[in-house]
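Data file: my_file35.pdb. Format and content: PDB, C-alpha atoms.
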MODEL        1
ATOM      1  CA  MET A   1     197.066 293.668 -64.360  1.00  0.00           C
ATOM      2  CA  LYS A   2     194.121 291.314 -63.938  1.00  0.00           C
ATOM      3  CA  ASN A   3     192.669 292.433 -67.277  1.00  0.00           C
ATOM      4  CA  VAL A   4     196.014 291.719 -68.950  1.00  0.00           C
ATOM      5  CA  LYS A   5     196.117 288.205 -67.438  1.00  0.00           C
ATOM      6  CA  ASP A   6     192.510 287.546 -68.443  1.00  0.00           C
ATOM      7  CA  LYS A   7     193.234 288.709 -71.986  1.00  0.00           C
ATOM      8  CA  LYS A   8     196.314 286.466 -72.150  1.00  0.00           C
ATOM      9  CA  GLU A   9     194.264 283.499 -70.946  1.00  0.00           C
ATOM     10  CA  LYS A  10     191.568 284.139 -73.552  1.00  0.00           C
ATOM     11  CA  ILE A  11     194.159 284.390 -76.347  1.00  0.00           C
ATOM     12  CA  ILE A  12     195.801 281.108 -75.303  1.00  0.00           C
ATOM     13  CA  PHE A  13     192.390 279.421 -75.055  1.00  0.00           C
ATOM     14  CA  ILE A  14     191.288 280.671 -78.494  1.00  0.00           C
ATOM     15  CA  PHE A  15     194.511 279.451 -80.136  1.00  0.00           C
ATOM     16  CA  CYS A  16     194.099 276.170 -78.272  1.00  0.00           C
ATOM     17  CA  ILE A  17     190.607 275.632 -79.765  1.00  0.00           C
ATOM     18  CA  ILE A  18     191.744 276.704 -83.252  1.00  0.00           C
ATOM     19  CA  PHE A  19     194.666 274.277 -83.296  1.00  0.00           C
ATOM     20  CA  CYS A  20     192.493 271.480 -81.859  1.00  0.00           C
ATOM     21  CA  ILE A  21     190.107 271.911 -84.803  1.00  0.00           C
ATOM     22  CA  ILE A  22     192.993 272.054 -87.308  1.00  0.00           C
ATOM     23  CA  SER A  23     194.543 268.941 -85.770  1.00  0.00           C
ATOM     24  CA  ILE A  24     191.266 267.002 -85.917  1.00  0.00           C
ATOM     25  CA  PHE A  25     190.684 267.713 -89.596  1.00  0.00           C
ATOM     26  CA  SER A  26     194.347 267.081 -90.421  1.00  0.00           C
ATOM     27  CA  CYS A  27     194.028 263.603 -88.904  1.00  0.00           C
ATOM     28  CA  VAL A  28     190.905 263.022 -90.998  1.00  0.00           C
ATOM     29  CA  PHE A  29     192.505 263.947 -94.315  1.00  0.00           C
ATOM     30  CA  VAL A  30     196.121 262.778 -93.842  1.00  0.00           C
ATOM     31  CA  LYS A  31     196.348 258.982 -93.872  1.00  0.00           C
ATOM     32  CA  SER A  32     198.908 256.908 -91.996  1.00  0.00           C
ATOM     33  CA  ASN A  33     200.391 255.628 -95.286  1.00  0.00           C
ATOM     34  CA  SER A  34     201.106 259.149 -96.571  1.00  0.00           C
ATOM     35  CA  ASN A  35     204.617 260.275 -97.514  1.00  0.00           C
ATOM     36  CA  PHE A  36     207.069 261.427 -94.862  1.00  0.00           C
ATOM     37  CA  LEU A  37     206.536 265.156 -95.528  1.00  0.00           C
ATOM     38  CA  LEU A  38     202.786 264.915 -94.941  1.00  0.00           C
ATOM     39  CA  LEU A  39     203.317 262.826 -91.812  1.00  0.00           C
ATOM     40  CA  PHE A  40     205.857 265.356 -90.548  1.00  0.00           C
ATOM     41  CA  ILE A  41     203.344 268.196 -91.070  1.00  0.00           C
ATOM     42  CA  LEU A  42     200.667 266.087 -89.362  1.00  0.00           C
ATOM     43  CA  ALA A  43     202.965 265.494 -86.369  1.00  0.00           C
ATOM     44  CA  LEU A  44     203.519 269.255 -86.043  1.00  0.00           C
ATOM     45  CA  LEU A  45     199.796 269.977 -86.299  1.00  0.00           C
ATOM     46  CA  LYS A  46     199.066 267.295 -83.677  1.00  0.00           C
ATOM     47  CA  GLY A  47     201.655 268.807 -81.364  1.00  0.00           C
ATOM     48  CA  LEU A  48     200.330 272.383 -81.484  1.00  0.00           C
ATOM     49  CA  PRO A  49     197.048 271.758 -79.578  1.00  0.00           C
ATOM     50  CA  MET A  50     198.882 270.071 -76.698  1.00  0.00           C
ATOM     51  CA  LEU A  51     201.486 272.847 -76.698  1.00  0.00           C
ATOM     52  CA  PHE A  52     198.764 275.451 -76.128  1.00  0.00           C
ATOM     53  CA  ILE A  53     197.004 273.192 -73.619  1.00  0.00           C
ATOM     54  CA  LEU A  54     200.324 273.055 -71.743  1.00  0.00           C
ATOM     55  CA  LEU A  55     200.538 276.879 -71.866  1.00  0.00           C
ATOM     56  CA  LEU A  56     196.954 277.050 -70.608  1.00  0.00           C
ATOM     57  CA  ALA A  57     197.830 274.757 -67.688  1.00  0.00           C
ATOM     58  CA  ILE A  58     200.949 276.788 -66.827  1.00  0.00           C
ATOM     59  CA  ASN A  59     198.872 279.974 -66.893  1.00  0.00           C
ATOM     60  CA  GLU A  60     196.289 278.424 -64.548  1.00  0.00           C
ATOM     61  CA  ALA A  61     198.955 277.073 -62.192  1.00  0.00           C
ATOM     62  CA  ASN A  62     200.664 280.476 -61.987  1.00  0.00           C
ATOM     63  CA  LYS A  63     197.494 282.039 -60.590  1.00  0.00           C
ATOM     64  CA  ASN A  64     198.529 280.647 -57.208  1.00  0.00           C
ATOM     65  CA  ASN A  65     201.548 281.994 -55.338  1.00  0.00           C
ATOM     66  CA  LYS A  66     202.785 278.441 -54.784  1.00  0.00           C
ATOM     67  CA  ILE A  67     202.461 275.554 -57.229  1.00  0.00           C
ATOM     68  CA  SER A  68     201.292 272.398 -55.445  1.00  0.00           C
ATOM     69  CA  ILE A  69     202.746 268.920 -55.967  1.00  0.00           C
ATOM     70  CA  TYR A  70     199.452 268.053 -57.691  1.00  0.00           C
ATOM     71  CA  GLU A  71     200.037 270.791 -60.252  1.00  0.00           C
ATOM     72  CA  LYS A  72     203.716 269.920 -60.615  1.00  0.00           C
ATOM     73  CA  LEU A  73     202.756 266.349 -61.500  1.00  0.00           C
ATOM     74  CA  PHE A  74     200.037 267.354 -63.945  1.00  0.00           C
ATOM     75  CA  LEU A  75     202.327 269.616 -65.993  1.00  0.00           C
ATOM     76  CA  PRO A  76     204.530 266.650 -67.064  1.00  0.00           C
ATOM     77  CA  VAL A  77     201.293 264.860 -68.044  1.00  0.00           C
ATOM     78  CA  PHE A  78     200.739 267.459 -70.758  1.00  0.00           C
ATOM     79  CA  ILE A  79     204.370 267.249 -71.884  1.00  0.00           C
ATOM     80  CA  SER A  80     204.167 263.452 -72.091  1.00  0.00           C
ATOM     81  CA  SER A  81     200.860 263.691 -73.984  1.00  0.00           C
ATOM     82  CA  LEU A  82     202.451 266.190 -76.376  1.00  0.00           C
ATOM     83  CA  LEU A  83     205.310 263.777 -77.087  1.00  0.00           C
ATOM     84  CA  SER A  84     202.855 260.894 -77.444  1.00  0.00           C
ATOM     85  CA  ASP A  85     200.744 262.763 -80.005  1.00  0.00           C
ATOM     86  CA  ILE A  86     203.804 263.622 -82.094  1.00  0.00           C
ATOM     87  CA  THR A  87     205.570 260.251 -81.972  1.00  0.00           C
ATOM     88  CA  LEU A  88     202.374 258.214 -82.455  1.00  0.00           C
ATOM     89  CA  VAL A  89     202.263 259.504 -86.034  1.00  0.00           C
ATOM     90  CA  PHE A  90     205.526 257.655 -86.801  1.00  0.00           C
ATOM     91  CA  ASN A  91     205.782 254.860 -84.250  1.00  0.00           C
ATOM     92  CA  VAL A  92     203.013 253.191 -82.244  1.00  0.00           C
ATOM     93  CA  VAL A  93     205.439 251.681 -79.719  1.00  0.00           C
ATOM     94  CA  ILE A  94     207.110 254.983 -78.778  1.00  0.00           C
ATOM     95  CA  GLY A  95     203.803 256.845 -78.789  1.00  0.00           C
ATOM     96  CA  GLY A  96     202.263 254.151 -76.609  1.00  0.00           C
ATOM     97  CA  ALA A  97     205.158 254.356 -74.145  1.00  0.00           C
ATOM     98  CA  PHE A  98     204.596 258.093 -73.676  1.00  0.00           C
ATOM     99  CA  SER A  99     200.859 257.446 -73.243  1.00  0.00           C
ATOM    100  CA  LEU A 100     201.619 254.910 -70.495  1.00  0.00           C
ATOM    101  CA  LEU A 101     203.807 257.497 -68.790  1.00  0.00           C
ATOM    102  CA  SER A 102     200.946 260.015 -68.981  1.00  0.00           C
ATOM    103  CA  MET A 103     198.558 257.577 -67.303  1.00  0.00           C
ATOM    104  CA  LEU A 104     201.064 256.838 -64.548  1.00  0.00           C
ATOM    105  CA  LEU A 105     201.582 260.556 -63.859  1.00  0.00           C
ATOM    106  CA  ILE A 106     197.834 261.244 -63.877  1.00  0.00           C
ATOM    107  CA  THR A 107     197.285 258.494 -61.299  1.00  0.00           C
ATOM    108  CA  ILE A 108     200.063 259.791 -59.044  1.00  0.00           C
ATOM    109  CA  ALA A 109     198.707 263.338 -59.425  1.00  0.00           C
ATOM    110  CA  PHE A 110     195.241 262.289 -58.226  1.00  0.00           C
ATOM    111  CA  LEU A 111     196.781 260.460 -55.280  1.00  0.00           C
ATOM    112  CA  ARG A 112     198.760 263.571 -54.366  1.00  0.00           C
ATOM    113  CA  HIS A 113     195.697 265.840 -54.565  1.00  0.00           C
ATOM    114  CA  ARG A 114     195.308 267.880 -51.379  1.00  0.00           C
ATOM    115  CA  SER A 115     191.778 266.532 -50.779  1.00  0.00           C
ATOM    116  CA  PHE A 116     193.092 262.963 -50.653  1.00  0.00           C
ATOM    117  CA  TYR A 117     195.812 263.965 -48.188  1.00  0.00           C
ATOM    118  CA  PHE A 118     193.242 265.867 -46.141  1.00  0.00           C
ATOM    119  CA  LEU A 119     191.088 262.745 -45.885  1.00  0.00           C
ATOM    120  CA  ILE A 120     194.000 260.645 -44.661  1.00  0.00           C
ATOM    121  CA  PHE A 121     195.345 263.044 -42.052  1.00  0.00           C
ATOM    122  CA  LYS A 122     192.256 264.990 -40.961  1.00  0.00           C
ATOM    123  CA  LYS A 123     189.165 262.866 -41.544  1.00  0.00           C
ATOM    124  CA  LYS A 124     190.203 259.273 -41.114  1.00  0.00           C
ATOM    125  CA  LYS A 125     186.611 258.119 -40.682  1.00  0.00           C
ATOM    126  CA  GLU A 126     185.901 258.981 -44.327  1.00  0.00           C
ATOM    127  CA  ILE A 127     188.844 257.003 -45.688  1.00  0.00           C
ATOM    128  CA  SER A 128     187.042 253.673 -46.069  1.00  0.00           C
ATOM    129  CA  HIS A 129     184.166 255.221 -48.033  1.00  0.00           C
ATOM    130  CA  GLN A 130     186.504 257.084 -50.401  1.00  0.00           C
ATOM    131  CA  ILE A 131     188.849 254.134 -50.901  1.00  0.00           C
ATOM    132  CA  ILE A 132     185.985 251.697 -51.557  1.00  0.00           C
ATOM    133  CA  SER A 133     184.438 254.091 -54.104  1.00  0.00           C
ATOM    134  CA  GLY A 134     187.742 254.425 -55.939  1.00  0.00           C
ATOM    135  CA  ILE A 135     188.470 250.686 -55.961  1.00  0.00           C
ATOM    136  CA  VAL A 136     184.948 249.824 -57.188  1.00  0.00           C
ATOM    137  CA  VAL A 137     185.202 252.342 -60.050  1.00  0.00           C
ATOM    138  CA  MET A 138     188.681 251.047 -60.865  1.00  0.00           C
ATOM    139  CA  ILE A 139     187.533 247.408 -61.048  1.00  0.00           C
ATOM    140  CA  ILE A 140     184.439 248.231 -63.125  1.00  0.00           C
ATOM    141  CA  SER A 141     186.571 250.248 -65.560  1.00  0.00           C
ATOM    142  CA  PHE A 142     189.128 247.497 -66.022  1.00  0.00           C
ATOM    143  CA  LEU A 143     186.535 244.705 -66.342  1.00  0.00           C
ATOM    144  CA  PHE A 144     184.737 246.750 -68.992  1.00  0.00           C
ATOM    145  CA  PHE A 145     187.925 246.996 -71.028  1.00  0.00           C
ATOM    146  CA  ILE A 146     188.803 243.321 -70.607  1.00  0.00           C
ATOM    147  CA  ILE A 147     185.366 242.352 -71.991  1.00  0.00           C
ATOM    148  CA  TYR A 148     185.645 245.071 -74.641  1.00  0.00           C
ATOM    149  CA  SER A 149     189.071 243.822 -75.752  1.00  0.00           C
ATOM    150  CA  LEU A 150     187.983 240.173 -75.907  1.00  0.00           C
ATOM    151  CA  ILE A 151     185.000 241.078 -78.120  1.00  0.00           C
ATOM    152  CA  PHE A 152     186.378 243.870 -80.307  1.00  0.00           C
ATOM    153  CA  ILE A 153     190.136 244.306 -80.010  1.00  0.00           C
ATOM    154  CA  PHE A 154     191.920 240.941 -79.899  1.00  0.00           C
ATOM    155  CA  PRO A 155     189.872 239.060 -82.563  1.00  0.00           C
ATOM    156  CA  LYS A 156     190.027 241.879 -85.137  1.00  0.00           C
ATOM    157  CA  MET A 157     193.399 243.545 -84.614  1.00  0.00           C
ATOM    158  CA  PRO A 158     195.730 242.747 -87.550  1.00  0.00           C
ATOM    159  CA  ASP A 159     198.885 240.704 -86.968  1.00  0.00           C
ATOM    160  CA  SER A 160     200.984 243.729 -87.981  1.00  0.00           C
ATOM    161  CA  MET A 161     199.815 245.383 -84.751  1.00  0.00           C
ATOM    162  CA  LEU A 162     200.465 242.407 -82.502  1.00  0.00           C
ATOM    163  CA  PHE A 163     202.312 244.671 -80.058  1.00  0.00           C
ATOM    164  CA  LEU A 164     199.073 246.583 -79.384  1.00  0.00           C
ATOM    165  CA  LYS A 165     197.408 243.386 -78.198  1.00  0.00           C
ATOM    166  CA  PHE A 166     199.903 243.322 -75.341  1.00  0.00           C
ATOM    167  CA  LEU A 167     199.937 247.084 -74.838  1.00  0.00           C
ATOM    168  CA  PHE A 168     196.148 247.405 -74.678  1.00  0.00           C
ATOM    169  CA  PRO A 169     195.425 245.586 -71.366  1.00  0.00           C
ATOM    170  CA  VAL A 170     198.474 247.165 -69.691  1.00  0.00           C
ATOM    171  CA  TYR A 171     197.496 250.636 -70.856  1.00  0.00           C
ATOM    172  CA  MET A 172     193.878 250.130 -69.831  1.00  0.00           C
ATOM    173  CA  LEU A 173     194.981 248.890 -66.415  1.00  0.00           C
ATOM    174  CA  PHE A 174     196.868 252.173 -65.993  1.00  0.00           C
ATOM    175  CA  LEU A 175     193.867 254.154 -67.262  1.00  0.00           C
ATOM    176  CA  SER A 176     191.428 252.262 -65.011  1.00  0.00           C
ATOM    177  CA  VAL A 177     193.632 252.985 -62.007  1.00  0.00           C
ATOM    178  CA  ALA A 178     193.683 256.665 -63.041  1.00  0.00           C
ATOM    179  CA  VAL A 179     189.879 256.734 -63.266  1.00  0.00           C
ATOM    180  CA  GLY A 180     189.518 255.002 -59.902  1.00  0.00           C
ATOM    181  CA  SER A 181     192.083 257.224 -58.200  1.00  0.00           C
ATOM    182  CA  SER A 182     190.107 260.309 -59.226  1.00  0.00           C
ATOM    183  CA  PHE A 183     187.384 259.033 -56.861  1.00  0.00           C
ATOM    184  CA  PHE A 184     189.719 258.535 -53.882  1.00  0.00           C
ATOM    185  CA  GLY A 185     189.847 262.203 -52.931  1.00  0.00           C
ATOM    186  CA  LYS A 186     187.335 265.004 -53.344  1.00  0.00           C
ATOM    187  CA  THR A 187     188.323 265.654 -56.939  1.00  0.00           C
ATOM    188  CA  LEU A 188     186.057 268.110 -58.745  1.00  0.00           C
ATOM    189  CA  PRO A 189     183.228 266.406 -60.705  1.00  0.00           C
ATOM    190  CA  ILE A 190     184.339 268.164 -63.898  1.00  0.00           C
ATOM    191  CA  VAL A 191     187.818 266.630 -63.516  1.00  0.00           C
ATOM    192  CA  ARG A 192     186.273 263.185 -63.071  1.00  0.00           C
ATOM    193  CA  ILE A 193     184.272 263.828 -66.236  1.00  0.00           C
ATOM    194  CA  GLY A 194     187.564 264.701 -67.914  1.00  0.00           C
ATOM    195  CA  ILE A 195     189.208 261.376 -67.058  1.00  0.00           C
ATOM    196  CA  ILE A 196     186.059 259.511 -68.170  1.00  0.00           C
ATOM    197  CA  LEU A 197     186.186 261.358 -71.526  1.00  0.00           C
ATOM    198  CA  PHE A 198     189.831 260.257 -71.737  1.00  0.00           C
ATOM    199  CA  PHE A 199     188.672 256.711 -71.000  1.00  0.00           C
ATOM    200  CA  ILE A 200     186.089 256.724 -73.833  1.00  0.00           C
ATOM    201  CA  SER A 201     188.520 258.396 -76.218  1.00  0.00           C
ATOM    202  CA  ASP A 202     191.092 255.639 -75.781  1.00  0.00           C
ATOM    203  CA  ALA A 203     188.425 252.966 -76.212  1.00  0.00           C
ATOM    204  CA  LEU A 204     187.623 254.512 -79.605  1.00  0.00           C
ATOM    205  CA  LEU A 205     191.332 254.764 -80.431  1.00  0.00           C
ATOM    206  CA  PHE A 206     191.941 251.035 -79.963  1.00  0.00           C
ATOM    207  CA  TYR A 207     188.702 250.279 -81.818  1.00  0.00           C
ATOM    208  CA  GLY A 208     190.167 252.224 -84.733  1.00  0.00           C
ATOM    209  CA  PHE A 209     193.393 250.222 -84.613  1.00  0.00           C
ATOM    210  CA  SER A 210     191.320 247.059 -85.010  1.00  0.00           C
ATOM    211  CA  PHE A 211     188.626 248.103 -87.497  1.00  0.00           C
ATOM    212  CA  GLY A 212     190.197 251.121 -89.176  1.00  0.00           C
ATOM    213  CA  PHE A 213     189.628 254.822 -88.621  1.00  0.00           C
ATOM    214  CA  SER A 214     186.615 256.365 -90.315  1.00  0.00           C
ATOM    215  CA  SER A 215     186.340 260.146 -90.413  1.00  0.00           C
ATOM    216  CA  LEU A 216     183.571 260.085 -87.798  1.00  0.00           C
ATOM    217  CA  LEU A 217     185.558 257.827 -85.467  1.00  0.00           C
ATOM    218  CA  THR A 218     188.643 260.049 -85.754  1.00  0.00           C
ATOM    219  CA  ILE A 219     186.635 263.190 -85.019  1.00  0.00           C
ATOM    220  CA  CYS A 220     184.857 261.629 -82.010  1.00  0.00           C
ATOM    221  CA  ASN A 221     188.129 260.250 -80.631  1.00  0.00           C
ATOM    222  CA  LEU A 222     189.988 263.563 -80.840  1.00  0.00           C
ATOM    223  CA  VAL A 223     187.094 265.760 -79.683  1.00  0.00           C
ATOM    224  CA  LEU A 224     186.843 263.671 -76.498  1.00  0.00           C
ATOM    225  CA  TYR A 225     190.632 263.599 -76.076  1.00  0.00           C
ATOM    226  CA  TYR A 226     191.144 267.347 -76.448  1.00  0.00           C
ATOM    227  CA  SER A 227     188.088 268.107 -74.290  1.00  0.00           C
ATOM    228  CA  ALA A 228     189.576 265.992 -71.491  1.00  0.00           C
ATOM    229  CA  GLN A 229     192.973 267.663 -71.766  1.00  0.00           C
ATOM    230  CA  ILE A 230     191.437 271.163 -71.726  1.00  0.00           C
ATOM    231  CA  ILE A 231     189.430 270.279 -68.621  1.00  0.00           C
ATOM    232  CA  PHE A 232     192.613 269.090 -66.887  1.00  0.00           C
ATOM    233  CA  ALA A 233     194.436 272.280 -67.927  1.00  0.00           C
ATOM    234  CA  LYS A 234     191.679 274.639 -66.807  1.00  0.00           C
ATOM    235  CA  LYS A 235     191.172 272.905 -63.455  1.00  0.00           C
ATOM    236  CA  ILE A 236     194.800 272.176 -62.642  1.00  0.00           C
ATOM    237  CA  ASP A 237     194.791 274.665 -59.743  1.00  0.00           C
ATOM    238  CA  GLU A 238     191.569 273.348 -58.138  1.00  0.00           C
TER     239      GLU A 238
ENDMDL
END
Could you render the structure as structure tokens?
Amino acid sequence: MKNVKDKKEKIIFIFCIIFCIISIFSCVFVKSNSNFLLLFILALLKGLPMLFILLLAINEANKNNKISIYEKLFLPVFISSLLSDITLVFNVVIGGAFSLLSMLLITIAFLRHRSFYFLIFKKKKEISHQIISGIVVMIISFLFFIIYSLIFIFPKMPDSMLFLKFLFPVYMLFLSVAVGSSFFGKTLPIVRIGIILFFISDALLFYGFSFGFSSLLTICNLVLYYSAQIIFAKKIDE
């Protein structure tokens, strides 16, 4: 039975990597001003990686007899990210709304991690150290993006994307809180690396909205994004 489960996991992981690669190159070659049919195909190809990442997360979560609240919250993160990837192809506002929802769920998930609860109820002396670490990381992350937006995003973003100028600081506030909250509890270092990769990926995404997406920028953005999501999926039961 274990060999069957391991084989299933490997198959899901392989398809996940394959569709991530296909999605990346599809985003490179299909432009945002393409006809509806091409955009529809692109939306499907962008959805497939997250679909298999979701399956990977479900497979990991099912390894335990009981799914924790942490895992239950992270599964909707992948669903929201899936919807964001698909809708972002057609509408930045709707795609951005799903991305905001993902960030909110990620933050709540970190706060509901068993290690954070353990600190509060079992080791109260460690609370101050953990909380201070999280708040410091949160503030540094948000200040970085405020400076980043004032230099790169706001001056260069075209008027046609005025909505993103308002969305950007709100979204980055959510993301900064998510990064900081990963330091509140004893979250695995690899998971913290995952949220930082997410952080860098979104910085590149908004840079692209302002200056345009080169092939290299698109590849870097999506490689970081999918790497972060795969880390979350593989470590969802930790």
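In this comparison, which uses only C-alpha atoms, the residue of A:Pro155, A:Gly95, A:Gly194, A:Gly208 approaching Ile236 in chain A most closely is A:Gly194.
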TODO: I need the residue set behind the PyMOL selection byres ((chain A and resi 106) around 12) for this file; please write it as JSON, numbers by chain.
DONE: {"A": [70, 71, 72, 73, 74, 75, 76, 77, 78, 79, 80, 81, 99, 100, 101, 102, 103, 104, 105, 107, 108, 109, 110, 111, 112, 113, 174, 175, 176, 177, 178, 179, 180, 181, 182, 191, 192, 194, 195, 198, 229, 232, 236]}
Open item on the list: Can you pull out the residues contacting Phe145 in chain A? Cut-off 12 Å, using only C-alpha atoms, and skip same-chain residues under 2 positions away; I want them as a ChimeraX atom specification.
Closed with: /A:138-143,147-154,168-176,199-200,202-204,206-207
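Separating CA of Leu224 in chain A from CA of Phe184 in chain A is a distance of 23.4 Å.
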TODO: Just give me the gap between CA of Val93 in chain A and CA of Leu164 in chain A in Å, one decimal is fine.
DONE: 8.2 Å
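When all atoms listed in the file are used to compute distances to Ile12 in chain A, the closest of the residues A:Ile219, A:Ala228, A:Ala43, A:Leu54 turns out to be A:Leu54.
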Hey, what comes out of the PyMOL selection byres ((chain A and resi 47) around 8) on this file? Could you write it as an mmCIF file with C-alpha atoms, in the coordinates of the input?
data_model
loop_
_atom_site.group_PDB
_atom_site.id
_atom_site.type_symbol
_atom_site.label_atom_id
_atom_site.label_comp_id
_atom_site.auth_asym_id
_atom_site.auth_seq_id
_atom_site.Cartn_x
_atom_site.Cartn_y
_atom_site.Cartn_z
ATOM 1 C CA ALA A 43 202.965 265.494 -86.369
ATOM 2 C CA LEU A 44 203.519 269.255 -86.043
ATOM 3 C CA LEU A 45 199.796 269.977 -86.299
ATOM 4 C CA LYS A 46 199.066 267.295 -83.677
ATOM 5 C CA LEU A 48 200.330 272.383 -81.484
ATOM 6 C CA PRO A 49 197.048 271.758 -79.578
ATOM 7 C CA MET A 50 198.882 270.071 -76.698
ATOM 8 C CA LEU A 51 201.486 272.847 -76.698
ATOM 9 C CA LEU A 82 202.451 266.190 -76.376
ATOM 10 C CA LEU A 83 205.310 263.777 -77.087
ATOM 11 C CA ASP A 85 200.744 262.763 -80.005
ATOM 12 C CA ILE A 86 203.804 263.622 -82.094
#
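Atom pair CA of Ala233 in chain A / CA of Leu55 in chain A: separated by 8.6 Å.
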- [ ] Return the single residue from A:Lys156, A:Thr87, A:Asp6, A:Ile41 that is closest to Asn59 in chain A, with distances computed using all atoms listed in the file.
- [x] A:Asp6
Would you place a box with edges along x, y and z of the file around all atoms of range 226-237 of chain A listed there, add 6 Å to each of its six sides, and report the centre and edge lengths in Å to one decimal, as JSON?
{"center_x": 191.4, "center_y": 270.3, "center_z": -68.1, "size_x": 18.7, "size_y": 20.7, "size_z": 28.7}
Open item on the list: My list of candidates is A:Phe144, A:Gln130, A:Phe163, A:Ile21. Which is closest to Thr187 in chain A when distances are computed with only C-alpha atoms?
Closed with: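 The closest residue to Thr187 in chain A is A:Gln130.
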Open item on the list: With distances taken over all atoms listed in the file, which residue among A:Ile17, A:Leu88, A:Ile11, A:Cys27 lies nearest Leu222 in chain A?
Closed with: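 Closest candidate: A:Cys27.
Residues within 10 Å of Val30 in chain A, counting only C-alpha atoms and excluding same-chain residues fewer than 6 positions away, are Leu38, Leu39, Ile41 and Leu42 of chain A.
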Task: Nearest candidate to Leu217 in chain A (options A:Phe36, A:Ile231, A:Ala61, A:Ser201; using all atoms listed in the file) - done: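 Closest residue, counting all atoms listed in the file: A:Ser201.
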